[in-house]
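As stored in upload.txt (compact mmCIF, N, CA and C atoms and all ligand atoms):
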```txt
# COMPACT_ATOMS: atom_id res chain seq x y z
N MET A 1 -53.80 11.01 34.07
CA MET A 1 -53.00 9.78 34.29
C MET A 1 -51.61 9.96 33.69
N THR A 2 -50.59 9.70 34.45
CA THR A 2 -49.25 10.09 34.01
C THR A 2 -48.73 9.29 32.82
N ASP A 3 -49.05 8.00 32.77
CA ASP A 3 -48.48 7.20 31.68
C ASP A 3 -49.48 6.95 30.54
N CYS A 4 -50.52 7.80 30.46
CA CYS A 4 -51.53 7.65 29.41
C CYS A 4 -51.17 8.54 28.23
N ILE A 5 -51.05 7.95 27.06
CA ILE A 5 -50.60 8.69 25.87
C ILE A 5 -51.58 9.82 25.49
N PHE A 6 -52.88 9.59 25.65
CA PHE A 6 -53.85 10.63 25.29
C PHE A 6 -53.84 11.77 26.33
N CYS A 7 -53.64 11.44 27.61
CA CYS A 7 -53.50 12.51 28.61
C CYS A 7 -52.27 13.36 28.28
N LYS A 8 -51.22 12.73 27.81
CA LYS A 8 -50.00 13.49 27.44
C LYS A 8 -50.26 14.38 26.22
N ILE A 9 -51.05 13.88 25.26
CA ILE A 9 -51.39 14.70 24.09
C ILE A 9 -52.23 15.91 24.52
N ILE A 10 -53.21 15.68 25.39
CA ILE A 10 -54.06 16.78 25.88
C ILE A 10 -53.21 17.84 26.57
N LYS A 11 -52.22 17.40 27.36
CA LYS A 11 -51.35 18.35 28.09
C LYS A 11 -50.35 19.04 27.16
N GLY A 12 -50.18 18.51 25.95
CA GLY A 12 -49.21 19.09 25.02
C GLY A 12 -47.82 18.49 25.16
N ASP A 13 -47.69 17.44 25.96
CA ASP A 13 -46.39 16.80 26.13
C ASP A 13 -46.00 15.94 24.93
N ILE A 14 -47.01 15.52 24.16
CA ILE A 14 -46.77 14.80 22.90
C ILE A 14 -47.46 15.62 21.81
N PRO A 15 -46.78 15.90 20.69
CA PRO A 15 -47.39 16.74 19.66
C PRO A 15 -48.56 16.06 18.95
N SER A 16 -49.47 16.88 18.46
CA SER A 16 -50.61 16.34 17.71
C SER A 16 -51.09 17.40 16.73
N TYR A 17 -51.83 16.94 15.73
CA TYR A 17 -52.47 17.86 14.78
C TYR A 17 -53.87 18.16 15.29
N LYS A 18 -53.96 19.23 16.11
CA LYS A 18 -55.24 19.55 16.76
C LYS A 18 -56.28 20.03 15.75
N ILE A 19 -57.46 19.47 15.86
CA ILE A 19 -58.60 19.85 15.01
C ILE A 19 -59.55 20.77 15.77
N TYR A 20 -59.74 20.47 17.06
CA TYR A 20 -60.76 21.20 17.84
C TYR A 20 -60.48 20.96 19.32
N GLU A 21 -60.86 21.96 20.14
CA GLU A 21 -60.74 21.80 21.59
C GLU A 21 -61.82 22.59 22.27
N ASP A 22 -62.41 22.05 23.33
CA ASP A 22 -63.27 22.84 24.22
C ASP A 22 -63.05 22.33 25.64
N ASP A 23 -63.95 22.71 26.57
CA ASP A 23 -63.74 22.35 27.97
C ASP A 23 -63.76 20.84 28.19
N ASN A 24 -64.45 20.12 27.31
CA ASN A 24 -64.68 18.69 27.53
C ASN A 24 -63.78 17.78 26.70
N VAL A 25 -63.32 18.26 25.55
CA VAL A 25 -62.63 17.35 24.62
C VAL A 25 -61.41 18.01 23.99
N TYR A 26 -60.58 17.12 23.46
CA TYR A 26 -59.45 17.52 22.61
C TYR A 26 -59.52 16.58 21.40
N ALA A 27 -59.54 17.15 20.19
CA ALA A 27 -59.67 16.33 18.98
C ALA A 27 -58.47 16.57 18.08
N PHE A 28 -57.97 15.49 17.48
CA PHE A 28 -56.75 15.58 16.67
C PHE A 28 -56.74 14.45 15.64
N LEU A 29 -55.85 14.61 14.65
CA LEU A 29 -55.76 13.59 13.60
C LEU A 29 -55.11 12.32 14.14
N ASP A 30 -55.70 11.18 13.77
CA ASP A 30 -55.12 9.89 14.13
C ASP A 30 -53.82 9.70 13.35
N ILE A 31 -52.83 9.16 14.04
CA ILE A 31 -51.50 9.00 13.45
C ILE A 31 -51.45 7.84 12.45
N ALA A 32 -52.50 7.02 12.42
CA ALA A 32 -52.46 5.79 11.61
C ALA A 32 -52.44 6.06 10.10
N GLU A 33 -53.00 7.20 9.67
CA GLU A 33 -53.11 7.50 8.23
C GLU A 33 -53.82 6.39 7.46
N ASP A 34 -54.77 5.72 8.10
CA ASP A 34 -55.44 4.60 7.44
C ASP A 34 -56.71 5.02 6.71
N TYR A 35 -57.35 6.08 7.17
CA TYR A 35 -58.52 6.64 6.47
C TYR A 35 -58.31 8.14 6.35
N TYR A 36 -58.69 8.69 5.20
CA TYR A 36 -58.48 10.11 4.95
C TYR A 36 -59.34 10.94 5.91
N GLY A 37 -58.69 11.70 6.77
CA GLY A 37 -59.43 12.53 7.73
C GLY A 37 -59.71 11.85 9.07
N HIS A 38 -59.19 10.65 9.26
CA HIS A 38 -59.39 9.90 10.52
C HIS A 38 -59.04 10.79 11.71
N THR A 39 -60.04 11.04 12.53
CA THR A 39 -59.93 12.00 13.64
C THR A 39 -60.30 11.31 14.95
N LEU A 40 -59.58 11.65 16.00
CA LEU A 40 -59.90 11.13 17.34
C LEU A 40 -60.46 12.27 18.18
N VAL A 41 -61.57 12.01 18.85
CA VAL A 41 -62.14 12.97 19.80
C VAL A 41 -62.01 12.35 21.18
N VAL A 42 -61.18 12.99 22.01
CA VAL A 42 -60.76 12.41 23.28
C VAL A 42 -61.34 13.25 24.42
N SER A 43 -61.89 12.60 25.43
CA SER A 43 -62.39 13.35 26.59
C SER A 43 -61.21 13.91 27.37
N LYS A 44 -61.36 15.14 27.89
CA LYS A 44 -60.27 15.70 28.71
C LYS A 44 -60.18 14.96 30.04
N LYS A 45 -61.31 14.47 30.52
CA LYS A 45 -61.30 13.68 31.75
C LYS A 45 -60.82 12.27 31.40
N HIS A 46 -59.89 11.74 32.16
CA HIS A 46 -59.42 10.39 31.88
C HIS A 46 -60.44 9.37 32.38
N CYS A 47 -61.14 8.74 31.43
CA CYS A 47 -61.96 7.55 31.72
C CYS A 47 -61.38 6.48 30.82
N GLU A 48 -61.65 5.22 31.16
CA GLU A 48 -61.07 4.15 30.34
C GLU A 48 -61.79 4.04 29.00
N ASN A 49 -63.10 4.04 29.04
CA ASN A 49 -63.87 3.91 27.80
C ASN A 49 -65.34 4.24 28.06
N MET A 50 -66.21 3.93 27.09
CA MET A 50 -67.62 4.27 27.20
C MET A 50 -68.32 3.49 28.31
N LEU A 51 -67.73 2.39 28.75
CA LEU A 51 -68.38 1.56 29.76
C LEU A 51 -68.23 2.13 31.17
N ASP A 52 -67.14 2.85 31.43
CA ASP A 52 -66.93 3.35 32.79
C ASP A 52 -67.10 4.87 32.93
N CYS A 53 -67.32 5.58 31.82
CA CYS A 53 -67.38 7.05 31.93
C CYS A 53 -68.76 7.48 32.45
N ASP A 54 -68.80 8.69 33.00
CA ASP A 54 -70.08 9.23 33.47
C ASP A 54 -70.84 9.85 32.28
N SER A 55 -72.14 10.05 32.45
CA SER A 55 -72.97 10.47 31.31
C SER A 55 -72.63 11.89 30.86
N GLU A 56 -72.18 12.76 31.78
CA GLU A 56 -71.80 14.13 31.37
C GLU A 56 -70.59 14.10 30.45
N THR A 57 -69.63 13.25 30.77
CA THR A 57 -68.44 13.13 29.93
C THR A 57 -68.81 12.60 28.55
N LEU A 58 -69.70 11.61 28.54
CA LEU A 58 -70.13 11.04 27.26
C LEU A 58 -70.91 12.08 26.44
N ALA A 59 -71.77 12.84 27.11
CA ALA A 59 -72.54 13.88 26.40
C ALA A 59 -71.59 14.92 25.82
N GLY A 60 -70.56 15.29 26.56
CA GLY A 60 -69.59 16.28 26.08
C GLY A 60 -68.86 15.79 24.86
N ILE A 61 -68.47 14.54 24.87
CA ILE A 61 -67.70 14.00 23.74
C ILE A 61 -68.61 13.87 22.52
N MET A 62 -69.85 13.44 22.70
CA MET A 62 -70.73 13.26 21.54
C MET A 62 -71.16 14.61 20.95
N THR A 63 -71.29 15.63 21.80
CA THR A 63 -71.60 16.97 21.30
C THR A 63 -70.46 17.46 20.39
N ALA A 64 -69.23 17.20 20.81
CA ALA A 64 -68.08 17.61 20.00
C ALA A 64 -67.98 16.77 18.73
N VAL A 65 -68.28 15.49 18.82
CA VAL A 65 -68.27 14.62 17.64
C VAL A 65 -69.24 15.17 16.59
N GLN A 66 -70.42 15.58 17.03
CA GLN A 66 -71.40 16.14 16.09
C GLN A 66 -70.90 17.44 15.48
N LYS A 67 -70.32 18.29 16.31
CA LYS A 67 -69.83 19.59 15.84
C LYS A 67 -68.73 19.41 14.78
N ILE A 68 -67.77 18.55 15.06
CA ILE A 68 -66.67 18.31 14.12
C ILE A 68 -67.20 17.64 12.85
N SER A 69 -68.10 16.69 13.01
CA SER A 69 -68.66 15.99 11.85
C SER A 69 -69.40 16.95 10.94
N ARG A 70 -70.18 17.84 11.54
CA ARG A 70 -70.91 18.84 10.73
C ARG A 70 -69.93 19.73 10.00
N HIS A 71 -68.84 20.11 10.67
CA HIS A 71 -67.80 20.93 10.03
C HIS A 71 -67.20 20.19 8.84
N TYR A 72 -66.91 18.91 9.00
CA TYR A 72 -66.32 18.14 7.90
C TYR A 72 -67.26 18.09 6.69
N VAL A 73 -68.56 17.92 6.97
CA VAL A 73 -69.53 17.83 5.87
C VAL A 73 -69.85 19.22 5.29
N ASP A 74 -70.00 20.19 6.15
CA ASP A 74 -70.41 21.53 5.67
C ASP A 74 -69.27 22.30 5.01
N ASN A 75 -68.04 22.09 5.49
CA ASN A 75 -66.93 22.97 5.07
C ASN A 75 -65.74 22.26 4.45
N CYS A 76 -65.67 20.94 4.54
CA CYS A 76 -64.42 20.26 4.17
C CYS A 76 -64.59 19.25 3.02
N GLY A 77 -65.75 19.22 2.39
CA GLY A 77 -65.90 18.41 1.19
C GLY A 77 -66.28 16.96 1.43
N PHE A 78 -66.65 16.61 2.65
CA PHE A 78 -67.09 15.23 2.91
C PHE A 78 -68.61 15.14 2.82
N ASP A 79 -69.12 13.91 2.63
CA ASP A 79 -70.57 13.71 2.46
C ASP A 79 -71.24 13.10 3.70
N GLY A 80 -70.45 12.48 4.57
CA GLY A 80 -71.00 11.81 5.75
C GLY A 80 -69.87 11.38 6.67
N VAL A 81 -70.21 10.70 7.74
CA VAL A 81 -69.18 10.22 8.67
C VAL A 81 -69.58 8.86 9.22
N ASN A 82 -68.58 8.06 9.55
CA ASN A 82 -68.78 6.92 10.44
C ASN A 82 -68.16 7.27 11.78
N ILE A 83 -68.87 6.92 12.85
CA ILE A 83 -68.38 7.13 14.21
C ILE A 83 -68.12 5.77 14.81
N ILE A 84 -66.91 5.57 15.30
CA ILE A 84 -66.56 4.26 15.86
C ILE A 84 -66.01 4.46 17.27
N ASN A 85 -66.46 3.60 18.16
CA ASN A 85 -65.88 3.57 19.50
C ASN A 85 -65.56 2.12 19.85
N ASN A 86 -64.32 1.88 20.24
CA ASN A 86 -63.91 0.57 20.71
C ASN A 86 -63.85 0.63 22.23
N SER A 87 -64.70 -0.13 22.91
CA SER A 87 -64.71 -0.14 24.37
C SER A 87 -64.32 -1.52 24.86
N GLY A 88 -63.12 -1.64 25.35
CA GLY A 88 -62.62 -2.92 25.85
C GLY A 88 -61.64 -3.54 24.88
N VAL A 89 -60.68 -4.27 25.43
CA VAL A 89 -59.65 -4.91 24.61
C VAL A 89 -60.28 -5.88 23.61
N SER A 90 -61.34 -6.58 24.03
CA SER A 90 -61.98 -7.54 23.12
C SER A 90 -62.61 -6.84 21.92
N ALA A 91 -62.92 -5.56 22.08
CA ALA A 91 -63.50 -4.77 20.98
C ALA A 91 -62.43 -4.08 20.16
N GLY A 92 -61.17 -4.31 20.46
CA GLY A 92 -60.09 -3.73 19.68
C GLY A 92 -59.53 -2.44 20.24
N GLN A 93 -59.92 -2.10 21.48
CA GLN A 93 -59.40 -0.85 22.07
C GLN A 93 -57.92 -1.03 22.41
N SER A 94 -57.09 -0.10 21.92
CA SER A 94 -55.65 -0.20 22.19
C SER A 94 -55.15 0.91 23.10
N VAL A 95 -55.83 2.06 23.11
CA VAL A 95 -55.47 3.14 24.04
C VAL A 95 -56.62 3.25 25.05
N MET A 96 -56.29 3.03 26.33
CA MET A 96 -57.34 2.90 27.34
C MET A 96 -57.70 4.27 27.93
N HIS A 97 -58.09 5.16 27.05
CA HIS A 97 -58.61 6.50 27.42
C HIS A 97 -59.76 6.78 26.46
N LEU A 98 -60.93 7.11 27.00
CA LEU A 98 -62.15 7.28 26.20
C LEU A 98 -61.93 8.14 24.96
N HIS A 99 -62.30 7.60 23.81
CA HIS A 99 -62.21 8.38 22.57
C HIS A 99 -63.16 7.82 21.53
N MET A 100 -63.58 8.72 20.64
CA MET A 100 -64.39 8.35 19.49
C MET A 100 -63.57 8.56 18.23
N HIS A 101 -63.70 7.66 17.28
CA HIS A 101 -63.08 7.82 15.97
C HIS A 101 -64.12 8.45 15.05
N ILE A 102 -63.72 9.50 14.34
CA ILE A 102 -64.54 10.01 13.23
C ILE A 102 -63.84 9.62 11.94
N LEU A 103 -64.56 8.90 11.08
CA LEU A 103 -64.05 8.58 9.75
C LEU A 103 -64.91 9.34 8.75
N PRO A 104 -64.41 10.46 8.24
CA PRO A 104 -65.19 11.24 7.26
C PRO A 104 -65.31 10.46 5.96
N ARG A 105 -66.48 10.54 5.34
CA ARG A 105 -66.74 9.72 4.15
C ARG A 105 -67.12 10.56 2.94
N LYS A 106 -66.73 10.04 1.78
CA LYS A 106 -67.19 10.61 0.51
C LYS A 106 -67.95 9.53 -0.22
N ALA A 107 -68.90 9.93 -1.03
CA ALA A 107 -69.80 8.97 -1.69
C ALA A 107 -69.02 7.92 -2.46
N ASP A 108 -67.91 8.30 -3.06
CA ASP A 108 -67.19 7.39 -3.95
C ASP A 108 -65.83 6.99 -3.38
N ASP A 109 -65.70 6.92 -2.05
CA ASP A 109 -64.36 6.67 -1.47
C ASP A 109 -63.97 5.20 -1.45
N GLY A 110 -64.91 4.31 -1.77
CA GLY A 110 -64.59 2.89 -1.87
C GLY A 110 -64.37 2.19 -0.53
N VAL A 111 -64.62 2.89 0.57
CA VAL A 111 -64.43 2.29 1.89
C VAL A 111 -65.66 1.45 2.24
N ASN A 112 -65.46 0.24 2.76
CA ASN A 112 -66.58 -0.58 3.23
C ASN A 112 -66.28 -1.02 4.66
N LEU A 113 -66.83 -0.27 5.60
CA LEU A 113 -66.55 -0.56 7.02
C LEU A 113 -67.46 -1.64 7.58
N TRP A 114 -68.46 -2.04 6.81
CA TRP A 114 -69.43 -3.02 7.32
C TRP A 114 -69.69 -4.06 6.25
N PRO A 115 -68.70 -4.93 5.98
CA PRO A 115 -68.86 -5.90 4.90
C PRO A 115 -70.03 -6.84 5.15
N GLU A 116 -70.70 -7.23 4.08
CA GLU A 116 -71.84 -8.14 4.20
C GLU A 116 -71.38 -9.50 4.74
N ARG A 117 -72.16 -10.08 5.63
CA ARG A 117 -71.78 -11.38 6.20
C ARG A 117 -72.93 -12.37 6.02
N GLU A 118 -72.56 -13.67 6.04
CA GLU A 118 -73.56 -14.73 6.00
C GLU A 118 -74.44 -14.63 7.25
N LYS A 119 -75.74 -14.99 7.13
CA LYS A 119 -76.58 -15.07 8.31
C LYS A 119 -76.06 -16.16 9.24
N LEU A 120 -76.11 -15.92 10.56
CA LEU A 120 -75.57 -16.89 11.53
C LEU A 120 -76.62 -17.91 11.97
N GLY A 121 -77.87 -17.73 11.54
CA GLY A 121 -78.93 -18.65 11.97
C GLY A 121 -79.26 -18.49 13.45
N ILE A 122 -79.30 -17.27 13.89
CA ILE A 122 -79.53 -16.98 15.31
C ILE A 122 -81.01 -17.16 15.65
N ASP A 123 -81.29 -17.74 16.82
CA ASP A 123 -82.65 -17.83 17.35
C ASP A 123 -82.96 -16.47 18.00
N LEU A 124 -83.62 -15.58 17.23
CA LEU A 124 -83.81 -14.21 17.71
C LEU A 124 -84.71 -14.15 18.95
N LYS A 125 -85.68 -15.09 19.06
CA LYS A 125 -86.56 -15.10 20.24
C LYS A 125 -85.75 -15.40 21.50
N GLN A 126 -84.89 -16.40 21.40
CA GLN A 126 -84.04 -16.76 22.53
C GLN A 126 -83.07 -15.62 22.86
N LEU A 127 -82.49 -15.03 21.80
CA LEU A 127 -81.53 -13.93 21.98
C LEU A 127 -82.20 -12.73 22.64
N HIS A 128 -83.44 -12.48 22.21
CA HIS A 128 -84.19 -11.36 22.80
C HIS A 128 -84.38 -11.58 24.30
N ASN A 129 -84.72 -12.80 24.71
CA ASN A 129 -84.88 -13.12 26.13
C ASN A 129 -83.57 -12.92 26.89
N GLN A 130 -82.48 -13.27 26.23
CA GLN A 130 -81.16 -13.18 26.86
C GLN A 130 -80.70 -11.73 27.04
N LEU A 131 -81.03 -10.86 26.07
CA LEU A 131 -80.41 -9.54 26.03
C LEU A 131 -81.28 -8.38 26.50
N LYS A 132 -82.60 -8.59 26.55
CA LYS A 132 -83.46 -7.42 26.82
C LYS A 132 -83.20 -6.86 28.22
N LEU A 133 -83.30 -5.55 28.32
CA LEU A 133 -82.96 -4.83 29.55
C LEU A 133 -84.14 -4.74 30.49
N GLN A 134 -85.36 -4.72 29.92
CA GLN A 134 -86.55 -4.62 30.76
C GLN A 134 -87.61 -5.57 30.25
P1 LIG B 201 -58.35 2.34 19.65
O1 LIG B 201 -57.75 1.13 18.98
O2 LIG B 201 -59.81 2.48 19.46
O3 LIG B 201 -57.94 2.38 21.11
O4 LIG B 201 -57.71 3.60 18.92
C1 LIG B 201 -56.50 4.17 19.28
C2 LIG B 201 -56.05 5.04 18.15
O5 LIG B 201 -55.05 5.91 18.62
C3 LIG B 201 -55.43 4.27 16.96
O6 LIG B 201 -56.21 4.52 15.80
C4 LIG B 201 -54.03 4.85 16.86
O7 LIG B 201 -53.60 5.02 15.53
C5 LIG B 201 -54.18 6.19 17.56
N1 LIG B 201 -52.96 6.75 18.13
C6 LIG B 201 -52.10 6.15 18.97
N2 LIG B 201 -51.10 7.00 19.29
C7 LIG B 201 -51.35 8.17 18.67
C8 LIG B 201 -50.69 9.45 18.59
N3 LIG B 201 -49.58 9.69 19.27
N4 LIG B 201 -51.24 10.42 17.83
C9 LIG B 201 -52.38 10.19 17.14
N5 LIG B 201 -53.06 9.02 17.18
C10 LIG B 201 -52.56 8.02 17.92
ZN ZN B 202 -55.66 9.38 29.81
```
What is this structure when it is put down as structure tokens?
Amino acid sequence: MTDCIFCKIIKGDIPSYKIYEDDNVYAFLDIAEDYYGHTLVVSKKHCENMLDCDSETLAGIMTAVQKISRHYVDNCGFDGVNIINNSGVSAGQSVMHLHMHILPRKADDGVNLWPEREKLGIDLKQLHNQLKLQ
């Protein structure tokens, strides 16, 4: 896609700090500098997000996410990772090209990506009827 910023990064038209590349993905450091090691794993095929991509593209991206995550833990001094995907504007997606965020974690990094919340008092039986697939 000509006006897609991630397609331009994959083509090399916009510079990036490349971490990894294979036939399916291009991975690079996120420019936000908000989490130490924040990495984006982007599919080489332009899909909008996880909702419209084909399963082969998704499998390729997740295989690379695992490979990079293992490298971060095995060789780079991290203890774990959070994997985040924003699919859709309502979910906070700002670049409409399929990508996964890797946030490498250390035991004592003080990051809390999932703050505790009050119970909402949800009727789980009703919700189950509403959401179940089969
Ligand atoms: P999302 O909000 O899930 O669509 O994530 C998009 C991410 O792309 C954000 O974390 C941005 O910081 C990142 N981003 C946008 N432009 C660039 C760029 N040129 N190089 C690296 N990361 C970028
Ligand atoms: Zn694109």
Wanna dump the segment 41-126 of chain A-segment 12-24 of chain A contacts at 8 Å for me, each residue with its shortest atom pair and the distance in Å to one decimal, counting all atoms listed in the file, ordered by chain and number, as a Markdown table?
```
| residue | atom | partner | partner_atom | distance |
| --- | --- | --- | --- | --- |
| A:Val41 | C | A:Asn24 | C | 7.9 |
| A:Val42 | C | A:Asn24 | C | 5.6 |
| A:Ser43 | CA | A:Asn24 | C | 4.6 |
| A:Lys44 | N | A:Asn24 | C | 3.8 |
| A:Lys45 | N | A:Asn24 | C | 5.6 |
| A:Thr57 | CA | A:Asn24 | CA | 7.1 |
| A:Gly60 | CA | A:Asn24 | CA | 5.7 |
| A:Ile61 | N | A:Asn24 | C | 6.0 |
| A:Ala64 | CA | A:Asp22 | N | 7.9 |
| A:Ile68 | CA | A:Tyr20 | CA | 7.6 |
```
Ligand LIG 201 (chain B) neighbours within 6.5 Å using all atoms listed in the file, as a compact mmCIF listing (two decimals) with N, CA and C atoms, keeping the file's coordinate frame:
```
# COMPACT_ATOMS: atom_id res chain seq x y z
N PRO A 15 -46.78 15.90 20.69
CA PRO A 15 -47.39 16.74 19.66
C PRO A 15 -48.56 16.06 18.95
N SER A 16 -49.47 16.88 18.46
CA SER A 16 -50.61 16.34 17.71
C SER A 16 -51.09 17.40 16.73
N PHE A 28 -57.97 15.49 17.48
CA PHE A 28 -56.75 15.58 16.67
C PHE A 28 -56.74 14.45 15.64
N LEU A 29 -55.85 14.61 14.65
CA LEU A 29 -55.76 13.59 13.60
C LEU A 29 -55.11 12.32 14.14
N ASP A 30 -55.70 11.18 13.77
CA ASP A 30 -55.12 9.89 14.13
C ASP A 30 -53.82 9.70 13.35
N ILE A 31 -52.83 9.16 14.04
CA ILE A 31 -51.50 9.00 13.45
C ILE A 31 -51.45 7.84 12.45
N ALA A 32 -52.50 7.02 12.42
CA ALA A 32 -52.46 5.79 11.61
C ALA A 32 -52.44 6.06 10.10
N GLU A 33 -53.00 7.20 9.67
CA GLU A 33 -53.11 7.50 8.23
C GLU A 33 -53.82 6.39 7.46
N ASN A 85 -66.46 3.60 18.16
CA ASN A 85 -65.88 3.57 19.50
C ASN A 85 -65.56 2.12 19.85
N ASN A 86 -64.32 1.88 20.24
CA ASN A 86 -63.91 0.57 20.71
C ASN A 86 -63.85 0.63 22.23
N GLY A 92 -61.17 -4.31 20.46
CA GLY A 92 -60.09 -3.73 19.68
C GLY A 92 -59.53 -2.44 20.24
N GLN A 93 -59.92 -2.10 21.48
CA GLN A 93 -59.40 -0.85 22.07
C GLN A 93 -57.92 -1.03 22.41
N SER A 94 -57.09 -0.10 21.92
CA SER A 94 -55.65 -0.20 22.19
C SER A 94 -55.15 0.91 23.10
N VAL A 95 -55.83 2.06 23.11
CA VAL A 95 -55.47 3.14 24.04
C VAL A 95 -56.62 3.25 25.05
N MET A 96 -56.29 3.03 26.33
CA MET A 96 -57.34 2.90 27.34
C MET A 96 -57.70 4.27 27.93
```
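Atom CA of Phe78 of chain A is positioned 9.4 Å from atom CA of Gly37 of chain A.
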For the point (-60.3, 9.4, 20.8) in file coordinates, what residues are within 7 Å, counting only N, CA and C atoms? Give the answer as a compact mmCIF listing (two decimals) with N, CA and C atoms, in the coordinates of the input?
```txt
# COMPACT_ATOMS: atom_id res chain seq x y z
N THR A 39 -60.04 11.04 12.53
CA THR A 39 -59.93 12.00 13.64
C THR A 39 -60.30 11.31 14.95
N LEU A 40 -59.58 11.65 16.00
CA LEU A 40 -59.90 11.13 17.34
C LEU A 40 -60.46 12.27 18.18
N VAL A 41 -61.57 12.01 18.85
CA VAL A 41 -62.14 12.97 19.80
C VAL A 41 -62.01 12.35 21.18
N VAL A 42 -61.18 12.99 22.01
CA VAL A 42 -60.76 12.41 23.28
C VAL A 42 -61.34 13.25 24.42
N SER A 43 -61.89 12.60 25.43
CA SER A 43 -62.39 13.35 26.59
C SER A 43 -61.21 13.91 27.37
N HIS A 97 -58.09 5.16 27.05
CA HIS A 97 -58.61 6.50 27.42
C HIS A 97 -59.76 6.78 26.46
N LEU A 98 -60.93 7.11 27.00
CA LEU A 98 -62.15 7.28 26.20
C LEU A 98 -61.93 8.14 24.96
N HIS A 99 -62.30 7.60 23.81
CA HIS A 99 -62.21 8.38 22.57
C HIS A 99 -63.16 7.82 21.53
N MET A 100 -63.58 8.72 20.64
CA MET A 100 -64.39 8.35 19.49
C MET A 100 -63.57 8.56 18.23
N HIS A 101 -63.70 7.66 17.28
CA HIS A 101 -63.08 7.82 15.97
C HIS A 101 -64.12 8.45 15.05
```
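The closest residue to Asp52 of chain A, picked from A:Tyr26, A:Gly110, A:Gly88, A:Ser69 and counting only C-alpha atoms, is A:Gly88.
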